[in-house]
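Chemist: I am sharing structure20.cif, which consists of mmCIF, C-alpha atoms, pLDDT in the B column; chains and numbers go by the auth columns:
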data_model
#
loop_
_atom_site.group_PDB
_atom_site.id
_atom_site.type_symbol
_atom_site.label_atom_id
_atom_site.label_comp_id
_atom_site.label_asym_id
_atom_site.label_seq_id
_atom_site.Cartn_x
_atom_site.Cartn_y
_atom_site.Cartn_z
_atom_site.B_iso_or_equiv
_atom_site.auth_seq_id
_atom_site.auth_asym_id
ATOM 1 C CA GLN A 1 6.889 15.174 -11.158 87.00 405 A
ATOM 2 C CA VAL A 2 6.690 12.193 -8.838 90.00 406 A
ATOM 3 C CA GLN A 3 3.839 9.793 -9.522 94.00 407 A
ATOM 4 C CA LEU A 4 2.763 6.622 -7.767 96.00 408 A
ATOM 5 C CA VAL A 5 0.634 4.279 -9.834 95.00 409 A
ATOM 6 C CA GLU A 6 -1.227 1.399 -8.219 95.00 410 A
ATOM 7 C CA SER A 7 -2.515 -1.701 -9.971 95.00 411 A
ATOM 8 C CA GLY A 8 -3.968 -5.081 -9.076 96.00 412 A
ATOM 9 C CA GLY A 9 -7.246 -4.179 -7.397 95.00 413 A
ATOM 10 C CA GLY A 10 -10.525 -5.815 -8.283 97.00 414 A
ATOM 11 C CA LEU A 11 -13.403 -7.963 -7.140 98.00 415 A
ATOM 12 C CA VAL A 12 -12.745 -11.217 -5.305 98.00 416 A
ATOM 13 C CA GLN A 13 -14.738 -13.635 -3.174 98.00 417 A
ATOM 14 C CA ALA A 14 -14.096 -13.967 0.526 98.00 418 A
ATOM 15 C CA GLY A 15 -11.116 -16.231 1.133 98.00 419 A
ATOM 16 C CA GLY A 16 -9.496 -15.239 -2.136 98.00 420 A
ATOM 17 C CA SER A 17 -6.276 -13.386 -2.868 98.00 421 A
ATOM 18 C CA LEU A 18 -5.125 -10.270 -4.658 98.00 422 A
ATOM 19 C CA ARG A 19 -1.723 -8.709 -5.217 98.00 423 A
ATOM 20 C CA LEU A 20 -1.386 -4.951 -5.384 98.00 424 A
ATOM 21 C CA SER A 21 1.559 -3.209 -6.990 97.00 425 A
ATOM 22 C CA CYS A 22 2.716 0.380 -6.806 97.00 426 A
ATOM 23 C CA ALA A 23 5.350 1.786 -9.112 95.00 427 A
ATOM 24 C CA ALA A 24 6.937 5.199 -8.799 93.00 428 A
ATOM 25 C CA SER A 25 7.991 7.374 -11.710 90.00 429 A
ATOM 26 C CA GLY A 26 9.562 10.768 -12.134 88.00 430 A
ATOM 27 C CA ILE A 27 12.056 10.332 -9.327 85.00 431 A
ATOM 28 C CA ILE A 28 15.821 10.122 -8.987 84.00 432 A
ATOM 29 C CA PHE A 29 15.929 9.482 -5.267 86.00 433 A
ATOM 30 C CA ARG A 30 15.003 6.456 -3.193 89.00 434 A
ATOM 31 C CA PHE A 31 12.050 6.642 -0.854 92.00 435 A
ATOM 32 C CA ASN A 32 12.814 6.150 2.834 92.00 436 A
ATOM 33 C CA ALA A 33 9.500 4.406 3.416 94.00 437 A
ATOM 34 C CA MET A 34 6.755 2.913 1.275 95.00 438 A
ATOM 35 C CA GLY A 35 3.461 1.428 2.237 97.00 439 A
ATOM 36 C CA TRP A 36 -0.243 0.942 1.795 98.00 440 A
ATOM 37 C CA TYR A 37 -3.238 2.642 3.339 98.00 441 A
ATOM 38 C CA ARG A 38 -6.926 2.001 2.788 98.00 442 A
ATOM 39 C CA GLN A 39 -10.163 3.892 3.134 98.00 443 A
ATOM 40 C CA ALA A 40 -13.564 2.283 3.344 97.00 444 A
ATOM 41 C CA PRO A 41 -16.769 4.269 2.728 92.00 445 A
ATOM 42 C CA GLY A 42 -17.574 6.491 5.692 95.00 446 A
ATOM 43 C CA LYS A 43 -14.312 5.690 7.443 96.00 447 A
ATOM 44 C CA GLN A 44 -10.971 7.388 7.865 97.00 448 A
ATOM 45 C CA ARG A 45 -7.926 6.345 5.893 97.00 449 A
ATOM 46 C CA GLU A 46 -5.911 3.804 7.869 97.00 450 A
ATOM 47 C CA LEU A 47 -2.480 2.219 7.645 98.00 451 A
ATOM 48 C CA VAL A 48 -2.434 -1.311 6.261 98.00 452 A
ATOM 49 C CA ALA A 49 1.292 -2.032 6.027 98.00 453 A
ATOM 50 C CA ARG A 50 4.523 -0.098 5.730 97.00 454 A
ATOM 51 C CA ILE A 51 8.216 -0.760 5.112 95.00 455 A
ATOM 52 C CA ILE A 52 10.707 1.705 6.598 93.00 456 A
ATOM 53 C CA SER A 53 14.325 1.729 5.448 85.00 457 A
ATOM 54 C CA ASP A 54 13.949 -1.793 4.025 77.00 458 A
ATOM 55 C CA SER A 55 14.186 -3.330 7.468 82.00 459 A
ATOM 56 C CA SER A 56 11.247 -2.310 9.611 94.00 460 A
ATOM 57 C CA ILE A 57 7.795 -3.553 8.690 96.00 461 A
ATOM 58 C CA ASN A 58 4.533 -2.569 10.345 96.00 462 A
ATOM 59 C CA TYR A 59 1.146 -4.191 9.811 98.00 463 A
ATOM 60 C CA SER A 60 -2.275 -3.224 10.987 98.00 464 A
ATOM 61 C CA ASP A 61 -3.551 -5.759 13.526 97.00 465 A
ATOM 62 C CA SER A 62 -6.493 -6.472 11.244 97.00 466 A
ATOM 63 C CA VAL A 63 -4.272 -7.796 8.433 98.00 467 A
ATOM 64 C CA LYS A 64 -1.431 -9.490 10.311 98.00 468 A
ATOM 65 C CA GLY A 65 -0.919 -13.041 9.149 97.00 469 A
ATOM 66 C CA ARG A 66 -2.959 -12.476 5.974 98.00 470 A
ATOM 67 C CA PHE A 67 -1.189 -9.641 4.136 98.00 471 A
ATOM 68 C CA THR A 68 2.475 -9.405 3.184 98.00 472 A
ATOM 69 C CA ILE A 69 4.239 -6.252 2.073 97.00 473 A
ATOM 70 C CA SER A 70 7.426 -6.320 0.039 95.00 474 A
ATOM 71 C CA ARG A 71 9.547 -3.845 -1.784 93.00 475 A
ATOM 72 C CA ASP A 72 11.873 -3.730 -4.739 88.00 476 A
ATOM 73 C CA GLY A 73 14.125 -0.938 -3.531 70.00 477 A
ATOM 74 C CA ALA A 74 16.054 -0.613 -6.739 75.00 478 A
ATOM 75 C CA LYS A 75 12.824 0.181 -8.589 77.00 479 A
ATOM 76 C CA ASN A 76 10.970 2.114 -5.872 89.00 480 A
ATOM 77 C CA THR A 77 8.173 -0.411 -6.198 94.00 481 A
ATOM 78 C CA VAL A 78 6.086 -1.821 -3.387 96.00 482 A
ATOM 79 C CA TYR A 79 3.740 -4.794 -3.366 97.00 483 A
ATOM 80 C CA LEU A 80 0.960 -6.010 -1.118 98.00 484 A
ATOM 81 C CA GLN A 81 0.033 -9.687 -1.223 98.00 485 A
ATOM 82 C CA MET A 82 -3.419 -10.071 0.274 98.00 486 A
ATOM 83 C CA ASN A 83 -4.596 -13.567 1.221 98.00 487 A
ATOM 84 C CA SER A 84 -7.675 -14.852 3.026 98.00 488 A
ATOM 85 C CA LEU A 85 -9.531 -11.704 2.103 98.00 489 A
ATOM 86 C CA LYS A 86 -12.599 -10.734 4.090 98.00 490 A
ATOM 87 C CA PRO A 87 -15.547 -8.488 3.186 97.00 491 A
ATOM 88 C CA GLU A 88 -14.255 -5.973 5.744 97.00 492 A
ATOM 89 C CA ASP A 89 -11.110 -5.582 3.636 98.00 493 A
ATOM 90 C CA THR A 90 -13.225 -3.821 1.006 98.00 494 A
ATOM 91 C CA ALA A 91 -11.815 -0.330 0.496 98.00 495 A
ATOM 92 C CA VAL A 92 -9.838 1.906 -1.800 98.00 496 A
ATOM 93 C CA TYR A 93 -6.172 1.064 -1.284 98.00 497 A
ATOM 94 C CA TYR A 94 -3.624 3.863 -1.601 98.00 498 A
ATOM 95 C CA CYS A 95 0.086 3.602 -2.115 98.00 499 A
ATOM 96 C CA ASN A 96 2.181 5.939 0.024 97.00 500 A
ATOM 97 C CA ALA A 97 5.836 6.888 -0.124 95.00 501 A
ATOM 98 C CA TYR A 98 7.943 9.168 2.053 94.00 502 A
ATOM 99 C CA TYR A 99 11.200 10.914 1.234 91.00 503 A
ATOM 100 C CA SER A 100 13.080 12.484 4.120 91.00 504 A
ATOM 101 C CA GLY A 101 15.064 14.799 1.862 88.00 505 A
ATOM 102 C CA SER A 102 11.961 16.868 1.191 87.00 506 A
ATOM 103 C CA SER A 103 9.910 15.684 4.187 91.00 507 A
ATOM 104 C CA ARG A 104 7.139 14.890 1.753 91.00 508 A
ATOM 105 C CA ASN A 105 4.546 12.184 1.558 94.00 509 A
ATOM 106 C CA TYR A 106 3.448 11.067 -1.881 95.00 510 A
ATOM 107 C CA TRP A 107 0.169 9.312 -2.673 97.00 511 A
ATOM 108 C CA GLY A 108 -1.161 7.233 -5.507 97.00 512 A
ATOM 109 C CA GLN A 109 -4.620 7.671 -6.952 96.00 513 A
ATOM 110 C CA GLY A 110 -5.974 4.555 -5.268 97.00 514 A
ATOM 111 C CA THR A 111 -7.215 1.178 -6.436 97.00 515 A
ATOM 112 C CA GLN A 112 -10.524 -0.383 -5.451 98.00 516 A
ATOM 113 C CA VAL A 113 -10.572 -3.741 -3.693 98.00 517 A
ATOM 114 C CA THR A 114 -13.976 -5.339 -3.227 98.00 518 A
ATOM 115 C CA VAL A 115 -14.433 -8.608 -1.348 98.00 519 A
ATOM 116 C CA SER A 116 -17.803 -10.293 -1.704 97.00 520 A
ATOM 117 C CA SER A 117 -19.233 -12.603 0.936 94.00 521 A
#
For the structure just supplied, provide its representation as structure tokens.
Modeler:
Amino acid sequence: QVQLVESGGGLVQAGGSLRLSCAASGIIFRFNAMGWYRQAPGKQRELVARIISDSSINYSDSVKGRFTISRDGAKNTVYLQMNSLKPEDTAVYYCNAYYSGSSRNYWGQGTQVTVSS
């Protein structure tokens, strides 16, 4: 069974940094895309950043220039370096992975990021 496990969330002051990690287990294939989404209270889940086929990277406009996504393809692991954090970045961050062979999206359980002002 495929599992995505996030780590690295926590409480940080505005202007601080956090690094999220997401490691996959229970797989023998390589994901076609991996990324991060977030959901704040009362809001819909939104894309934060995504890597597709190791070459195409998309960022939400709200995090461009502050967040950096990277991937260790050999390990099916994805990271999110978050700098210059703002209170509006507070949310539960979810790891996402997509495999075209099964046309399935996989989700982690989420990790809380709280940015205090």
Chemist: Residues near region 436-446 of chain A, anyone? I mean within 8 Å using only C-alpha atoms, not counting same-chain ones fewer than 2 positions away, as a PyMOL selection string.
Modeler: chain A and resi 434+448-458+473+475+482+484+494-504
Chemist: Just write the chosen residues, C-alpha atoms, as a PDB file, in the coordinates of the input.
Modeler:
ATOM      1  CA  ARG A 434      15.003   6.456  -3.193  1.00 89.00           C
ATOM      2  CA  GLN A 448     -10.971   7.388   7.865  1.00 97.00           C
ATOM      3  CA  ARG A 449      -7.926   6.345   5.893  1.00 97.00           C
ATOM      4  CA  GLU A 450      -5.911   3.804   7.869  1.00 97.00           C
ATOM      5  CA  LEU A 451      -2.480   2.219   7.645  1.00 98.00           C
ATOM      6  CA  VAL A 452      -2.434  -1.311   6.261  1.00 98.00           C
ATOM      7  CA  ALA A 453       1.292  -2.032   6.027  1.00 98.00           C
ATOM      8  CA  ARG A 454       4.523  -0.098   5.730  1.00 97.00           C
ATOM      9  CA  ILE A 455       8.216  -0.760   5.112  1.00 95.00           C
ATOM     10  CA  ILE A 456      10.707   1.705   6.598  1.00 93.00           C
ATOM     11  CA  SER A 457      14.325   1.729   5.448  1.00 85.00           C
ATOM     12  CA  ASP A 458      13.949  -1.793   4.025  1.00 77.00           C
ATOM     13  CA  ILE A 473       4.239  -6.252   2.073  1.00 97.00           C
ATOM     14  CA  ARG A 475       9.547  -3.845  -1.784  1.00 93.00           C
ATOM     15  CA  VAL A 482       6.086  -1.821  -3.387  1.00 96.00           C
ATOM     16  CA  LEU A 484       0.960  -6.010  -1.118  1.00 98.00           C
ATOM     17  CA  THR A 494     -13.225  -3.821   1.006  1.00 98.00           C
ATOM     18  CA  ALA A 495     -11.815  -0.330   0.496  1.00 98.00           C
ATOM     19  CA  VAL A 496      -9.838   1.906  -1.800  1.00 98.00           C
ATOM     20  CA  TYR A 497      -6.172   1.064  -1.284  1.00 98.00           C
ATOM     21  CA  TYR A 498      -3.624   3.863  -1.601  1.00 98.00           C
ATOM     22  CA  CYS A 499       0.086   3.602  -2.115  1.00 98.00           C
ATOM     23  CA  ASN A 500       2.181   5.939   0.024  1.00 97.00           C
ATOM     24  CA  ALA A 501       5.836   6.888  -0.124  1.00 95.00           C
ATOM     25  CA  TYR A 502       7.943   9.168   2.053  1.00 94.00           C
ATOM     26  CA  TYR A 503      11.200  10.914   1.234  1.00 91.00           C
ATOM     27  CA  SER A 504      13.080  12.484   4.120  1.00 91.00           C
TER      28      SER A 504
END
Chemist: Step by step, work through what the PyMOL selection byres ((chain A and resi 406-416) around 8) selects in the shown file, and finish by giving those residues as a list of chain:residue names.
Modeler: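 Residues picked by the PyMOL selection byres ((chain A and resi 406-416) around 8): A:Gln405, A:Gln417, A:Ala418, A:Gly420, A:Ser421, A:Leu422, A:Arg423, A:Leu424, A:Ser425, A:Cys426, A:Ala427, A:Ala428, A:Ser429, A:Gly430, A:Ile431, A:Tyr498, A:Cys499, A:Asn500, A:Tyr510, A:Trp511, A:Gly512, A:Gln513, A:Gly514, A:Thr515, A:Gln516, A:Val517, A:Thr518, A:Val519, A:Ser520.
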Chemist: What does the distance from CA of Phe433 (chain A) to CA of Lys479 (chain A) come to in Å, to one decimal?
Modeler: 10.4 Å
Chemist: One number please: CA of Ser460 (chain A) to CA of Ser474 (chain A), in Å, one decimal.
Modeler: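 Atom-to-atom, CA of Ser460 (chain A) to CA of Ser474 (chain A), that is 11.1 Å.
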Chemist: Grab the CA of Lys447 (chain A) to CA of Asp493 (chain A) distance for me, in Å with one decimal place.
Modeler: 12.3 Å
Chemist: Hey, which of A:Ser507, A:Lys468, A:Ser459, A:Ile432 ends up closest to Ser488 (chain A)? Count only C-alpha atoms.
Modeler: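 So, comparing all the options, the nearest one is A:Lys468.
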Chemist: Considering only C-alpha atoms, return as a PyMOL selection string whatever protein or nucleic-acid residues lie within 10 Å of Gly469 (chain A), sequence-local ones (same chain, fewer than 2 positions apart) excluded.
Modeler: chain A and resi 463+465-467+471-472+486-488
